[in-house]
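Okay, my_file-v4.cif is below, mmCIF, C-alpha atoms:
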data_my_file
loop_
_atom_site.label_atom_id
_atom_site.label_comp_id
_atom_site.auth_asym_id
_atom_site.auth_seq_id
_atom_site.Cartn_x
_atom_site.Cartn_y
_atom_site.Cartn_z
CA MET A 933 0.00 0.00 0.00
CA ASP A 934 1.20 3.51 -0.77
CA GLY A 935 0.94 6.39 1.65
CA LYS A 936 -2.19 7.89 0.12
CA SER A 937 -4.91 8.44 2.70
CA VAL A 938 -8.40 6.97 2.46
CA LYS A 939 -11.00 9.64 1.75
CA ALA A 940 -14.19 7.66 1.24
CA ILE A 941 -15.87 4.39 2.23
CA LEU A 942 -18.44 2.59 0.10
CA PHE A 943 -20.78 0.34 2.09
CA ASP A 944 -23.04 -2.45 0.94
CA LEU A 945 -26.41 -2.59 2.75
CA ASP A 946 -27.85 -6.11 3.01
CA ASN A 947 -26.03 -8.38 5.49
CA THR A 948 -23.34 -5.76 5.85
CA LEU A 949 -25.08 -2.96 7.77
CA ILE A 950 -28.44 -4.67 8.31
CA GLU A 951 -29.24 -8.34 8.95
CA THR A 952 -31.46 -8.94 5.95
CA SER A 953 -31.06 -12.71 5.91
CA ARG A 954 -32.06 -13.05 9.55
CA ALA A 955 -35.07 -10.75 9.10
CA GLY A 956 -36.06 -12.69 5.99
CA GLY A 957 -35.89 -15.96 7.88
CA ALA A 958 -38.17 -14.67 10.62
CA ALA A 959 -40.58 -13.32 8.01
CA ILE A 960 -40.67 -16.72 6.29
CA GLN A 961 -41.53 -18.31 9.64
CA LYS A 962 -44.49 -15.97 10.07
CA THR A 963 -45.68 -16.73 6.56
CA SER A 964 -45.33 -20.45 7.25
CA GLU A 965 -47.82 -20.13 10.10
CA LEU A 966 -50.30 -18.39 7.79
CA LEU A 967 -49.99 -21.15 5.19
CA LYS A 968 -50.32 -23.86 7.82
CA THR A 969 -53.53 -22.45 9.31
CA THR A 970 -55.11 -21.39 6.01
CA LEU A 971 -54.48 -24.55 4.00
CA ALA A 972 -54.27 -27.06 6.87
CA LEU A 973 -50.95 -28.32 5.54
CA ASP A 974 -48.28 -30.39 7.26
CA ASP A 975 -44.92 -28.85 8.16
CA LEU A 976 -43.08 -30.55 5.31
CA THR A 977 -45.41 -29.17 2.64
CA VAL A 978 -45.29 -25.68 4.12
CA SER A 979 -41.50 -25.85 4.23
CA ASN A 980 -41.51 -26.95 0.58
CA ILE A 981 -43.62 -23.95 -0.43
CA CYS A 982 -41.33 -21.54 1.42
CA ASP A 983 -38.20 -23.13 -0.03
CA LYS A 984 -39.66 -22.74 -3.53
CA PHE A 985 -40.37 -19.05 -2.84
CA LYS A 986 -36.82 -18.46 -1.57
CA GLN A 987 -35.38 -20.09 -4.69
CA LYS A 988 -37.54 -17.94 -6.97
CA LEU A 989 -36.43 -14.86 -5.03
CA LEU A 990 -32.78 -15.89 -5.29
CA HIS A 991 -32.94 -16.35 -9.06
CA GLU A 992 -35.29 -13.44 -9.68
CA THR A 993 -34.82 -11.22 -12.72
CA PHE A 994 -36.85 -8.05 -12.77
CA ASP A 995 -37.50 -5.99 -15.87
CA PRO A 996 -39.29 -2.69 -15.11
CA SER A 997 -40.24 -2.34 -18.77
CA ALA A 998 -42.29 -5.57 -18.64
CA GLY A 999 -45.22 -3.70 -17.09
CA ARG A 1000 -45.33 -5.54 -13.74
CA SER A 1001 -44.30 -4.07 -10.39
CA ILE A 1002 -41.88 -5.88 -8.12
CA ASP A 1003 -44.78 -6.53 -5.76
CA GLU A 1004 -46.76 -8.22 -8.55
CA VAL A 1005 -43.76 -10.33 -9.53
CA ARG A 1006 -43.25 -11.51 -5.96
CA VAL A 1007 -46.93 -12.25 -5.41
CA GLY A 1008 -46.47 -14.44 -8.49
CA HIS A 1009 -43.55 -16.22 -6.78
CA TRP A 1010 -45.81 -17.16 -3.87
CA GLU A 1011 -48.69 -18.20 -6.12
CA GLU A 1012 -46.44 -20.43 -8.22
CA SER A 1013 -44.80 -21.92 -5.13
CA ILE A 1014 -48.17 -22.84 -3.59
CA GLN A 1015 -49.47 -24.28 -6.84
CA GLU A 1016 -46.31 -26.33 -7.45
CA ALA A 1017 -46.52 -27.82 -3.96
CA VAL A 1018 -50.23 -28.49 -3.54
CA GLY A 1019 -51.73 -28.46 -7.03
CA SER A 1020 -53.31 -25.96 -9.38
CA CYS A 1021 -56.00 -24.55 -7.09
CA SER A 1022 -56.74 -20.82 -7.23
CA THR A 1023 -54.34 -19.20 -4.74
CA THR A 1024 -54.06 -15.58 -5.84
CA SER A 1025 -55.67 -14.06 -2.74
CA LEU A 1026 -53.60 -16.29 -0.44
CA ALA A 1027 -50.45 -15.46 -2.42
CA VAL A 1028 -51.17 -11.75 -1.90
CA GLN A 1029 -51.55 -12.33 1.85
CA CYS A 1030 -48.34 -14.35 1.99
CA TYR A 1031 -46.34 -11.78 0.07
CA TYR A 1032 -47.38 -8.75 2.11
CA LEU A 1033 -46.99 -10.61 5.42
CA TRP A 1034 -43.48 -11.66 4.36
CA LYS A 1035 -42.55 -8.24 2.98
CA ASN A 1036 -43.91 -6.16 5.87
CA SER A 1037 -42.55 -8.52 8.53
CA ARG A 1038 -39.10 -8.38 6.98
CA LEU A 1039 -39.13 -4.57 6.82
CA GLU A 1040 -40.32 -4.31 10.44
CA LEU A 1041 -37.46 -6.52 11.59
CA LEU A 1042 -34.73 -4.61 9.75
CA SER A 1043 -32.78 -2.02 11.71
CA LEU A 1044 -29.41 -0.37 12.10
CA SER A 1045 -28.06 -1.36 15.50
CA PRO A 1046 -27.13 1.49 17.88
CA GLU A 1047 -23.50 0.35 17.62
CA ILE A 1048 -23.51 0.63 13.82
CA CYS A 1049 -25.19 4.04 14.01
CA THR A 1050 -22.44 5.22 16.34
CA LEU A 1051 -19.77 3.79 14.03
CA LEU A 1052 -21.21 5.54 10.96
CA ARG A 1053 -21.42 8.88 12.79
CA GLN A 1054 -17.80 8.55 13.87
CA LEU A 1055 -16.62 7.57 10.39
CA ARG A 1056 -18.49 10.40 8.73
CA SER A 1057 -16.51 12.93 10.74
CA THR A 1058 -13.39 11.75 8.87
CA TYR A 1059 -14.52 10.11 5.61
CA LYS A 1060 -17.10 10.56 2.89
CA LEU A 1061 -19.59 7.71 3.14
CA LEU A 1062 -21.67 6.23 0.32
CA LEU A 1063 -24.22 3.41 0.42
CA LEU A 1064 -24.04 1.22 -2.69
CA THR A 1065 -26.68 -1.49 -2.83
CA ASN A 1066 -27.72 -3.81 -5.63
CA GLY A 1067 -31.37 -4.61 -6.21
CA GLU A 1068 -34.67 -3.34 -7.51
CA SER A 1069 -35.24 0.34 -6.76
CA ARG A 1070 -38.44 0.18 -4.73
CA THR A 1071 -37.34 -2.81 -2.66
CA GLN A 1072 -34.04 -1.23 -1.68
CA ARG A 1073 -35.46 2.27 -1.10
CA GLU A 1074 -38.06 0.74 1.24
CA LYS A 1075 -35.26 -0.85 3.26
CA VAL A 1076 -33.33 2.43 3.38
CA GLU A 1077 -36.45 4.21 4.62
CA ALA A 1078 -37.28 1.46 7.13
CA VAL A 1079 -33.86 1.60 8.80
CA ARG A 1080 -33.59 5.42 8.51
CA CYS A 1081 -30.02 5.42 7.33
CA GLU A 1082 -30.08 8.42 4.96
CA GLU A 1083 -28.58 10.74 7.56
CA PHE A 1084 -25.35 8.74 7.74
CA PHE A 1085 -24.39 8.96 4.06
CA ASP A 1086 -23.24 11.61 1.64
CA ALA A 1087 -24.97 9.66 -1.13
CA ILE A 1088 -27.08 6.52 -1.64
CA VAL A 1089 -26.84 4.59 -4.91
CA VAL A 1090 -29.31 1.79 -5.74
CA GLY A 1091 -28.11 -0.48 -8.52
CA GLY A 1092 -31.57 -1.08 -9.93
CA GLU A 1093 -31.85 2.62 -10.79
CA HIS A 1094 -28.88 2.44 -13.14
CA ALA A 1095 -27.88 0.59 -16.29
CA GLU A 1096 -25.40 -1.66 -14.48
CA GLN A 1097 -24.96 -2.90 -10.93
CA LYS A 1098 -22.09 -4.28 -8.83
CA PRO A 1099 -19.62 -5.77 -9.73
CA LEU A 1100 -19.48 -3.80 -13.00
CA PRO A 1101 -17.10 -0.81 -12.95
CA SER A 1102 -19.56 1.77 -14.31
CA ILE A 1103 -21.59 2.01 -11.11
CA PHE A 1104 -18.42 2.41 -9.06
CA ALA A 1105 -17.29 5.20 -11.41
CA LEU A 1106 -20.63 6.89 -10.79
CA CYS A 1107 -20.04 6.67 -7.03
CA PHE A 1108 -16.51 8.09 -7.30
CA ASN A 1109 -17.85 10.99 -9.35
CA MET A 1110 -20.62 11.70 -6.85
CA LEU A 1111 -18.10 11.87 -4.01
CA GLN A 1112 -15.50 13.68 -6.15
CA VAL A 1113 -12.81 11.14 -5.29
CA GLU A 1114 -10.58 8.71 -7.17
CA ALA A 1115 -10.86 4.92 -6.93
CA GLN A 1116 -7.62 4.76 -4.93
CA ASP A 1117 -9.15 7.10 -2.35
CA CYS A 1118 -11.85 4.53 -1.52
CA VAL A 1119 -12.46 1.40 0.52
CA MET A 1120 -15.29 -1.00 -0.43
CA VAL A 1121 -17.00 -2.86 2.43
CA GLY A 1122 -19.47 -5.70 1.87
CA ASP A 1123 -20.49 -9.29 2.52
CA SER A 1124 -20.57 -10.56 -1.08
CA LEU A 1125 -17.37 -11.74 -2.72
CA ASP A 1126 -19.11 -11.84 -6.11
CA THR A 1127 -20.50 -8.30 -6.11
CA ASP A 1128 -18.88 -6.16 -3.40
CA ILE A 1129 -15.34 -7.50 -3.33
CA GLN A 1130 -15.12 -8.37 -7.03
CA GLY A 1131 -16.66 -5.00 -7.85
CA GLY A 1132 -14.19 -3.13 -5.69
CA PHE A 1133 -11.34 -5.07 -7.27
CA ASN A 1134 -12.63 -4.34 -10.79
CA ALA A 1135 -12.96 -0.66 -9.97
CA GLY A 1136 -9.45 -0.39 -8.54
CA VAL A 1137 -10.30 0.76 -5.02
CA ARG A 1138 -7.60 1.21 -2.38
CA ALA A 1139 -8.82 -1.80 -0.38
CA THR A 1140 -11.69 -4.28 -0.20
CA VAL A 1141 -13.08 -5.42 3.14
CA TRP A 1142 -15.13 -8.62 3.27
CA ILE A 1143 -17.68 -9.02 6.05
CA SER A 1144 -17.68 -12.76 6.81
CA SER A 1145 -19.92 -13.27 9.82
CA ALA A 1146 -19.59 -17.05 9.55
CA GLY A 1147 -15.81 -16.77 9.48
CA GLY A 1148 -15.56 -18.88 6.34
CA ALA A 1149 -12.53 -19.10 4.12
CA VAL A 1150 -12.52 -17.53 0.67
CA PRO A 1151 -13.58 -20.26 -1.81
CA ASP A 1152 -11.09 -21.42 -4.42
CA GLY A 1153 -11.34 -19.39 -7.60
CA SER A 1154 -12.97 -16.43 -5.88
CA VAL A 1155 -11.54 -12.94 -5.72
CA LYS A 1156 -9.43 -12.46 -2.58
CA PRO A 1157 -10.40 -9.54 -0.32
CA ASP A 1158 -7.64 -7.35 1.08
CA TYR A 1159 -9.14 -7.71 4.56
CA THR A 1160 -11.67 -10.04 6.16
CA ILE A 1161 -13.55 -9.12 9.35
CA PRO A 1162 -16.49 -10.79 11.14
CA SER A 1163 -18.49 -7.58 11.58
CA VAL A 1164 -18.57 -4.09 10.15
CA LEU A 1165 -17.90 -2.92 13.72
CA ASP A 1166 -14.33 -4.15 13.23
CA LEU A 1167 -13.77 -1.75 10.33
CA PRO A 1168 -11.86 0.89 12.39
CA ASP A 1169 -9.06 -1.66 12.91
CA VAL A 1170 -8.69 -2.01 9.14
CA LEU A 1171 -8.79 1.74 8.56
CA ALA A 1172 -6.04 2.21 11.16
CA GLN A 1173 -3.83 -0.12 9.09
CA LEU A 1174 -4.52 1.89 5.94
CA LYS A 1175 -3.34 5.20 7.40
#
Could the structure of this file be written out as structure tokens, please?
Amino acid sequence: MDGKSVKAILFDLDNTLIETSRAGGAAIQKTSELLKTTLALDDLTVSNICDKFKQKLLHETFDPSAGRSIDEVRVGHWEESIQEAVGSCSTTSLAVQCYYLWKNSRLELLSLSPEICTLLRQLRSTYKLLLLTNGESRTQREKVEAVRCEEFFDAIVVGGEHAEQKPLPSIFALCFNMLQVEAQDCVMVGDSLDTDIQGGFNAGVRATVWISSAGGAVPDGSVKPDYTIPSVLDLPDVLAQLK
């Protein structure tokens, strides 16, 4: 590393600053109870429906020009999951109930911890901070609003509002321009090797910091982060090494 000081930090949102996976799991559990009581299904069938929904969510592609909202697409995920598991009965109204229970429960459970709020306030006194999150615009903006994190950042960039998302360099260039910094002035912090760390590497940032809460090793063939920490709260230790 050269002696150039870090001027800006780019943060991922989901599972970096907020525990989206944990909130999603709790929301799925609530939705499971609704399915169980409404359809009188056994636990295995309910679990099958929820697993199908999670897979559809994981492999989701959303095209705003197709004329359907993200809410309509995800209601469709639930409807298809129920039909695939229990047959082709009419489930639209139940799918709507499942979707909004899952969505609203997840949003209610998302939060920035007091410790992370304190960290962001402290960092912002020294660095420019930018939130860079992949995903569909409305979904990610609803999370940002739910956790009230706007005050901590100089800018918020949602990948779904632009032509390309992480790990492609163009969205990082946009972020650098917004902050009026160079790539080498920046640190990228996130939990995804494929998008956050690979994206930071592609963009030529000063350092990449991987949040690995499970403490797992970097898989063979994956991009190697410059630093690995179990929690974003450990970031000051990394920044001290970069001074």
Using 7 Å as the limit and counting all atoms listed in the file, can you tabulate each residue of region 939-983 of chain A that touches region 1020-1034 of chain A, with its shortest atom-to-atom distance in Å and the two atoms involved, as CSV?
residue,atom,partner,partner_atom,distance
A:Ala959,CA,A:Trp1034,CA,4.9
A:Ile960,CA,A:Trp1034,CA,6.1
A:Thr963,CA,A:Cys1030,CA,5.8
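For the structure in this document, the set picked by the PyMOL selection byres ((chain A and resi 943) around 8) is Ile941, Leu942, Asp944, Leu945, Thr948, Leu949, Leu1061, Leu1062, Leu1063, Leu1064, Thr1065, Met1120, Val1121 and Gly1122 of chain A.
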Exactly which residues make up the result of the PyMOL selection byres ((chain A and resi 1002) around 12) on this file, given as a short mmCIF file (atom, residue, chain, number, x, y, z; two decimals) with C-alpha atoms, in the frame of the given file?
data_model
loop_
_atom_site.label_atom_id
_atom_site.label_comp_id
_atom_site.auth_asym_id
_atom_site.auth_seq_id
_atom_site.Cartn_x
_atom_site.Cartn_y
_atom_site.Cartn_z
CA LEU A 989 -36.43 -14.86 -5.03
CA GLU A 992 -35.29 -13.44 -9.68
CA THR A 993 -34.82 -11.22 -12.72
CA PHE A 994 -36.85 -8.05 -12.77
CA ASP A 995 -37.50 -5.99 -15.87
CA PRO A 996 -39.29 -2.69 -15.11
CA SER A 997 -40.24 -2.34 -18.77
CA ALA A 998 -42.29 -5.57 -18.64
CA GLY A 999 -45.22 -3.70 -17.09
CA ARG A 1000 -45.33 -5.54 -13.74
CA SER A 1001 -44.30 -4.07 -10.39
CA ASP A 1003 -44.78 -6.53 -5.76
CA GLU A 1004 -46.76 -8.22 -8.55
CA VAL A 1005 -43.76 -10.33 -9.53
CA ARG A 1006 -43.25 -11.51 -5.96
CA VAL A 1007 -46.93 -12.25 -5.41
CA GLY A 1008 -46.47 -14.44 -8.49
CA HIS A 1009 -43.55 -16.22 -6.78
CA TYR A 1031 -46.34 -11.78 0.07
CA TYR A 1032 -47.38 -8.75 2.11
CA LYS A 1035 -42.55 -8.24 2.98
CA GLY A 1067 -31.37 -4.61 -6.21
CA GLU A 1068 -34.67 -3.34 -7.51
CA SER A 1069 -35.24 0.34 -6.76
CA ARG A 1070 -38.44 0.18 -4.73
CA THR A 1071 -37.34 -2.81 -2.66
CA GLN A 1072 -34.04 -1.23 -1.68
CA GLY A 1092 -31.57 -1.08 -9.93
#
Do a neighbour search on Leu1055 (chain A) at 10 Å with all atoms listed in the file, toss out local chain neighbours closer than 6 positions, and write the hits as a ChimeraX atom specification. /A:940-941,1049,1061,1084,1167-1168,1171
Kindly save the residues from that selection, with C-alpha atoms included, as a compact mmCIF listing (two decimals), keeping the file's coordinate frame.
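This went into result.txt:
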# COMPACT_ATOMS: atom_id res chain seq x y z
CA ALA A 940 -14.19 7.66 1.24
CA ILE A 941 -15.87 4.39 2.23
CA CYS A 1049 -25.19 4.04 14.01
CA LEU A 1061 -19.59 7.71 3.14
CA PHE A 1084 -25.35 8.74 7.74
CA LEU A 1167 -13.77 -1.75 10.33
CA PRO A 1168 -11.86 0.89 12.39
CA LEU A 1171 -8.79 1.74 8.56
Selection in question (the file shown): the PyMOL selection byres ((chain A and resi 1097) around 12). Which residues does it include, as a ChimeraX atom specification? /A:1064-1069,1089-1096,1098-1107,1126-1128,1130-1132
What residues have an atom no more than 12 Å from (-39.2, -3.6, 12.7) in the file's own frame, counting all atoms listed in the file, and can you write them as a ChimeraX atom specification? /A:950-952,955-956,958-959,1035-1045,1075,1077-1080
Take the residues from that selection and write them out as a PDB file, keeping the file's coordinate frame, keeping C-alpha atoms.
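Here's the written file again.pdb:
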ATOM      1  CA  ILE A 950     -28.440  -4.670   8.310  1.00  0.00           C
ATOM      2  CA  GLU A 951     -29.240  -8.340   8.950  1.00  0.00           C
ATOM      3  CA  THR A 952     -31.460  -8.940   5.950  1.00  0.00           C
ATOM      4  CA  ALA A 955     -35.070 -10.750   9.100  1.00  0.00           C
ATOM      5  CA  GLY A 956     -36.060 -12.690   5.990  1.00  0.00           C
ATOM      6  CA  ALA A 958     -38.170 -14.670  10.620  1.00  0.00           C
ATOM      7  CA  ALA A 959     -40.580 -13.320   8.010  1.00  0.00           C
ATOM      8  CA  LYS A1035     -42.550  -8.240   2.980  1.00  0.00           C
ATOM      9  CA  ASN A1036     -43.910  -6.160   5.870  1.00  0.00           C
ATOM     10  CA  SER A1037     -42.550  -8.520   8.530  1.00  0.00           C
ATOM     11  CA  ARG A1038     -39.100  -8.380   6.980  1.00  0.00           C
ATOM     12  CA  LEU A1039     -39.130  -4.570   6.820  1.00  0.00           C
ATOM     13  CA  GLU A1040     -40.320  -4.310  10.440  1.00  0.00           C
ATOM     14  CA  LEU A1041     -37.460  -6.520  11.590  1.00  0.00           C
ATOM     15  CA  LEU A1042     -34.730  -4.610   9.750  1.00  0.00           C
ATOM     16  CA  SER A1043     -32.780  -2.020  11.710  1.00  0.00           C
ATOM     17  CA  LEU A1044     -29.410  -0.370  12.100  1.00  0.00           C
ATOM     18  CA  SER A1045     -28.060  -1.360  15.500  1.00  0.00           C
ATOM     19  CA  LYS A1075     -35.260  -0.850   3.260  1.00  0.00           C
ATOM     20  CA  GLU A1077     -36.450   4.210   4.620  1.00  0.00           C
ATOM     21  CA  ALA A1078     -37.280   1.460   7.130  1.00  0.00           C
ATOM     22  CA  VAL A1079     -33.860   1.600   8.800  1.00  0.00           C
ATOM     23  CA  ARG A1080     -33.590   5.420   8.510  1.00  0.00           C
TER      24      ARG A1080
END
Near Val1018 (chain A), counting only C-alpha atoms, which residues have an atom at most 9 Å away, once you skip same-chain residues fewer than 3 positions from it, shown as a PyMOL selection string? chain A and resi 977+981+1013-1015+1021
Give me the box for region 1092-1108 of chain A as lines of an AutoDock Vina configuration file, namely the centre and edge lengths in Å to one decimal of a box along x, y and z that holds every listed atom plus 3 Å on each side.
center_x = -24.2
center_y = 1.2
center_z = -11.7
size_x = 21.3
size_y = 19.9
size_z = 15.3
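Between CA of Trp1142 (chain A) and CA of Ala1115 (chain A) the interatomic distance comes to 17.5 Å.
Taking CA of Phe1133 (chain A) as the reference point, CA of Asp1152 (chain A) is found at 16.6 Å.
Here CA of Leu971 (chain A) and CA of Glu1012 (chain A) stand 15.2 Å from one another.
In this comparison, which uses all atoms listed in the file, the residue of A:Asp1117, A:Asp1123, A:Asp1158, A:Glu1082 approaching Thr1140 (chain A) most closely is A:Asp1158.
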Can region 975-991 of chain A be brought up to N, CA, C and O atoms and written out as a compact mmCIF listing (two decimals), in the frame of the given file?
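Once written, result.txt looks like this:
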# COMPACT_ATOMS: atom_id res chain seq x y z
N ASP A 975 -46.13 -29.68 8.11
CA ASP A 975 -44.92 -28.85 8.16
C ASP A 975 -44.04 -29.03 6.93
O ASP A 975 -43.45 -28.07 6.43
N LEU A 976 -43.94 -30.27 6.45
CA LEU A 976 -43.08 -30.55 5.31
C LEU A 976 -43.54 -29.83 4.05
O LEU A 976 -42.74 -29.25 3.31
N THR A 977 -44.86 -29.83 3.82
CA THR A 977 -45.41 -29.17 2.64
C THR A 977 -45.24 -27.65 2.73
O THR A 977 -44.88 -26.99 1.75
N VAL A 978 -45.47 -27.12 3.91
CA VAL A 978 -45.29 -25.68 4.12
C VAL A 978 -43.83 -25.29 3.89
O VAL A 978 -43.53 -24.28 3.24
N SER A 979 -42.93 -26.11 4.42
CA SER A 979 -41.50 -25.85 4.23
C SER A 979 -41.14 -25.90 2.75
O SER A 979 -40.33 -25.09 2.27
N ASN A 980 -41.74 -26.82 2.02
CA ASN A 980 -41.51 -26.95 0.58
C ASN A 980 -41.95 -25.70 -0.16
O ASN A 980 -41.24 -25.19 -1.04
N ILE A 981 -43.12 -25.18 0.20
CA ILE A 981 -43.62 -23.95 -0.43
C ILE A 981 -42.65 -22.79 -0.18
O ILE A 981 -42.28 -22.05 -1.10
N CYS A 982 -42.22 -22.66 1.07
CA CYS A 982 -41.33 -21.54 1.42
C CYS A 982 -39.97 -21.68 0.76
O CYS A 982 -39.38 -20.68 0.32
N ASP A 983 -39.49 -22.91 0.65
CA ASP A 983 -38.20 -23.13 -0.03
C ASP A 983 -38.31 -22.75 -1.51
O ASP A 983 -37.37 -22.18 -2.09
N LYS A 984 -39.44 -23.10 -2.12
CA LYS A 984 -39.66 -22.74 -3.53
C LYS A 984 -39.67 -21.22 -3.69
O LYS A 984 -39.08 -20.68 -4.63
N PHE A 985 -40.34 -20.52 -2.78
CA PHE A 985 -40.37 -19.05 -2.84
C PHE A 985 -38.96 -18.48 -2.73
O PHE A 985 -38.56 -17.59 -3.49
N LYS A 986 -38.18 -18.98 -1.77
CA LYS A 986 -36.82 -18.46 -1.57
C LYS A 986 -35.96 -18.69 -2.81
O LYS A 986 -35.14 -17.83 -3.16
N GLN A 987 -36.14 -19.83 -3.47
CA GLN A 987 -35.38 -20.09 -4.69
C GLN A 987 -35.78 -19.13 -5.81
O GLN A 987 -34.94 -18.64 -6.57
N LYS A 988 -37.07 -18.88 -5.94
CA LYS A 988 -37.54 -17.94 -6.97
C LYS A 988 -37.01 -16.53 -6.69
O LYS A 988 -36.64 -15.79 -7.60
N LEU A 989 -36.96 -16.17 -5.42
CA LEU A 989 -36.43 -14.86 -5.03
C LEU A 989 -34.94 -14.78 -5.35
O LEU A 989 -34.46 -13.76 -5.87
N LEU A 990 -34.23 -15.85 -5.07
CA LEU A 990 -32.78 -15.89 -5.29
C LEU A 990 -32.44 -15.75 -6.76
O LEU A 990 -31.46 -15.08 -7.12
N HIS A 991 -33.23 -16.36 -7.62
CA HIS A 991 -32.94 -16.35 -9.06
C HIS A 991 -33.81 -15.34 -9.82
O HIS A 991 -33.92 -15.42 -11.04
